[in-house]
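**Q** Dropping a structure here in structure tokens format, bear with me for questions.
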Amino acid sequence: MARYTGPKSKIARKLGAPIFGADKVLTKKNYPPGQHGNNRRRKTSEYGIQLKEKQKAKYTYGVLEKQFRNLFDKAQRTKGVTGEILLQLLESRLDNVVFRLGIARTRAAARQLVSHCHIVVDGQVVNIPSYTLKPGQVVGVRERSKSLEVIENSLTGFNHSKYPWLEWDNSSKSGKFLHTPERADIPEEIKEQLIVELYSK
């Protein structure tokens, strides 16, 4: 599966958000990379602002351009507010739910766990990170993978109550996808309306 493998700290600085968990990098140099990165006289166009927001969402959820466009088209065809539905679709991806449940510390690590067949959905192994979960489905760790150090370390001390659309069962190391999250519950600081405006041109 294709994935972004470029310089993450530069992307985080360019977008002005710790999308890869690069908080220290942002604290040290909270401006875009390059020799003109600290030039405050540069004005960003309306298109540039919209594009930046789309890139932020793309990199945050680890979705490539074609996948992101397909999700937007699906959101546009669905009844409701397009921007909110887009974020709900991104939140419903299996790799994102594995991350939200605390089974992995990052979305990239979650994708790897899914791809390597460590994750089950309703008891069946699913190795497709983009798999869309439906309300009521249960995501868990495969029986033979429950003792993996990387999973145990990630789950240690994790607060499972911060996402109201997920329910965690520590004894079985599994979580239930209760319902599609409301926009107000999604913690990502993404201005989805700018993305809608960008694709509507």
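As shown in the structure tokens, the chain order sets the letters A, B, ...; within each chain, residues go from 1, and ligands are also counted from 1 in the order they appear.
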Any chance you could tabulate, as JSON lines, the residues of region 90-187 of chain A at most 12 Å from region 58-80 of chain A with each one's nearest atom pair and distance in Å to one decimal, using only C-alpha atoms, in chain and rising number order?

**A**
{"residue": "A:Leu90", "atom": "CA", "partner": "A:Tyr61", "partner_atom": "CA", "distance": 7.0}
{"residue": "A:Glu91", "atom": "CA", "partner": "A:Tyr61", "partner_atom": "CA", "distance": 8.3}
{"residue": "A:Ser92", "atom": "CA", "partner": "A:Tyr61", "partner_atom": "CA", "distance": 10.9}
{"residue": "A:Arg93", "atom": "CA", "partner": "A:Tyr61", "partner_atom": "CA", "distance": 9.2}
{"residue": "A:Leu94", "atom": "CA", "partner": "A:Tyr61", "partner_atom": "CA", "distance": 11.2}
{"residue": "A:Asp95", "atom": "CA", "partner": "A:Tyr61", "partner_atom": "CA", "distance": 8.9}
{"residue": "A:Asn96", "atom": "CA", "partner": "A:Tyr61", "partner_atom": "CA", "distance": 7.2}
{"residue": "A:Val97", "atom": "CA", "partner": "A:Tyr61", "partner_atom": "CA", "distance": 10.9}
{"residue": "A:Phe99", "atom": "CA", "partner": "A:Tyr61", "partner_atom": "CA", "distance": 10.3}
{"residue": "A:Arg100", "atom": "CA", "partner": "A:Tyr61", "partner_atom": "CA", "distance": 11.6}
{"residue": "A:Thr106", "atom": "CA", "partner": "A:Tyr61", "partner_atom": "CA", "distance": 9.9}
{"residue": "A:Arg107", "atom": "CA", "partner": "A:Tyr61", "partner_atom": "CA", "distance": 7.0}
{"residue": "A:Ala108", "atom": "CA", "partner": "A:Gly62", "partner_atom": "CA", "distance": 7.2}
{"residue": "A:Ala109", "atom": "CA", "partner": "A:Gly62", "partner_atom": "CA", "distance": 10.8}
{"residue": "A:Ala110", "atom": "CA", "partner": "A:Gly62", "partner_atom": "CA", "distance": 10.5}
{"residue": "A:Arg111", "atom": "CA", "partner": "A:Gly62", "partner_atom": "CA", "distance": 9.0}
{"residue": "A:Gln112", "atom": "CA", "partner": "A:Gly62", "partner_atom": "CA", "distance": 11.8}
{"residue": "A:Pro129", "atom": "CA", "partner": "A:Val63", "partner_atom": "CA", "distance": 10.1}
{"residue": "A:Ser130", "atom": "CA", "partner": "A:Val63", "partner_atom": "CA", "distance": 8.8}
{"residue": "A:Tyr131", "atom": "CA", "partner": "A:Gln67", "partner_atom": "CA", "distance": 12.0}
{"residue": "A:Thr132", "atom": "CA", "partner": "A:Leu71", "partner_atom": "CA", "distance": 10.8}
{"residue": "A:Pro187", "atom": "CA", "partner": "A:Thr60", "partner_atom": "CA", "distance": 11.7}

**Q** Excluding same-chain residues fewer than 5 positions from Gly175 (chain A), what lies within 7 Å of it counting only C-alpha atoms, as a list in words?

**A**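 Counting only the stated atoms, we get Leu101, Val138, Val139, Gly140, Leu166, Glu167, Trp168 and Asp169 of chain A.
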
**Q** Report the residues of region 70-199 of chain A whose backbone DSSP state falls under strand (DSSP E), written as a ChimeraX atom specification.

**A** /A:119-121,124-125,138-141,166-169,174-177

**Q** Using Å and a single decimal, report how far CA of His179 (chain A) sits from CA of Pro164 (chain A).

**A**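 For CA of Pro164 (chain A) relative to CA of His179 (chain A), the distance reads 8.9 Å.
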
**Q** What is the CA of Tyr47 (chain A) to CA of Tyr199 (chain A) distance in Å?

**A**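 Taking CA of Tyr47 (chain A) as the start and CA of Tyr199 (chain A) as the end point, the length is 10.5 Å.
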
**Q** Could you tell me how far CA of Lys201 (chain A) lies from CA of Lys43 (chain A), in Å and to one decimal?

**A**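 Atom-to-atom, CA of Lys201 (chain A) to CA of Lys43 (chain A), that is 20.9 Å.
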
**Q** Which residues of region 81-113 of chain A sit at most 8 Å from region 145-159 of chain A, using only C-alpha atoms? Give each one's shortest atom pair and distance in Å (one decimal place), in chain and ascending residue order, as a tab-separated table.

**A**
residue	atom	partner	partner_atom	distance
A:Gly102	CA	A:Leu155	CA	5.4
A:Ile103	CA	A:Ile151	CA	5.5
A:Ala104	CA	A:Ser154	CA	5.6
A:Arg105	CA	A:Ser154	CA	5.6

**Q** Name the closest residue to Gln55 (chain A) among the candidates A:Ser200, A:Lys191, A:Pro181, A:Val81; distances are taken between atoms, counting only C-alpha atoms.

**A**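 Closest to Gln55 (chain A), using only C-alpha atoms: A:Lys191.
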
**Q** Return as a VMD selection string the full set of residues in region 83-196 of chain A whose backbone-based DSSP assignment is helix (DSSP H, G or I).

**A** chain A and resid 83 to 91 94 to 100 107 to 115 143 to 145 149 to 155 183 to 185 192 to 196

**Q** Can you work out which one of A:Arg183, A:Gln50, A:Leu133, A:Glu188 has the shortest atom-to-atom distance to Thr82 (chain A), counting only C-alpha atoms?

**A** A:Arg183
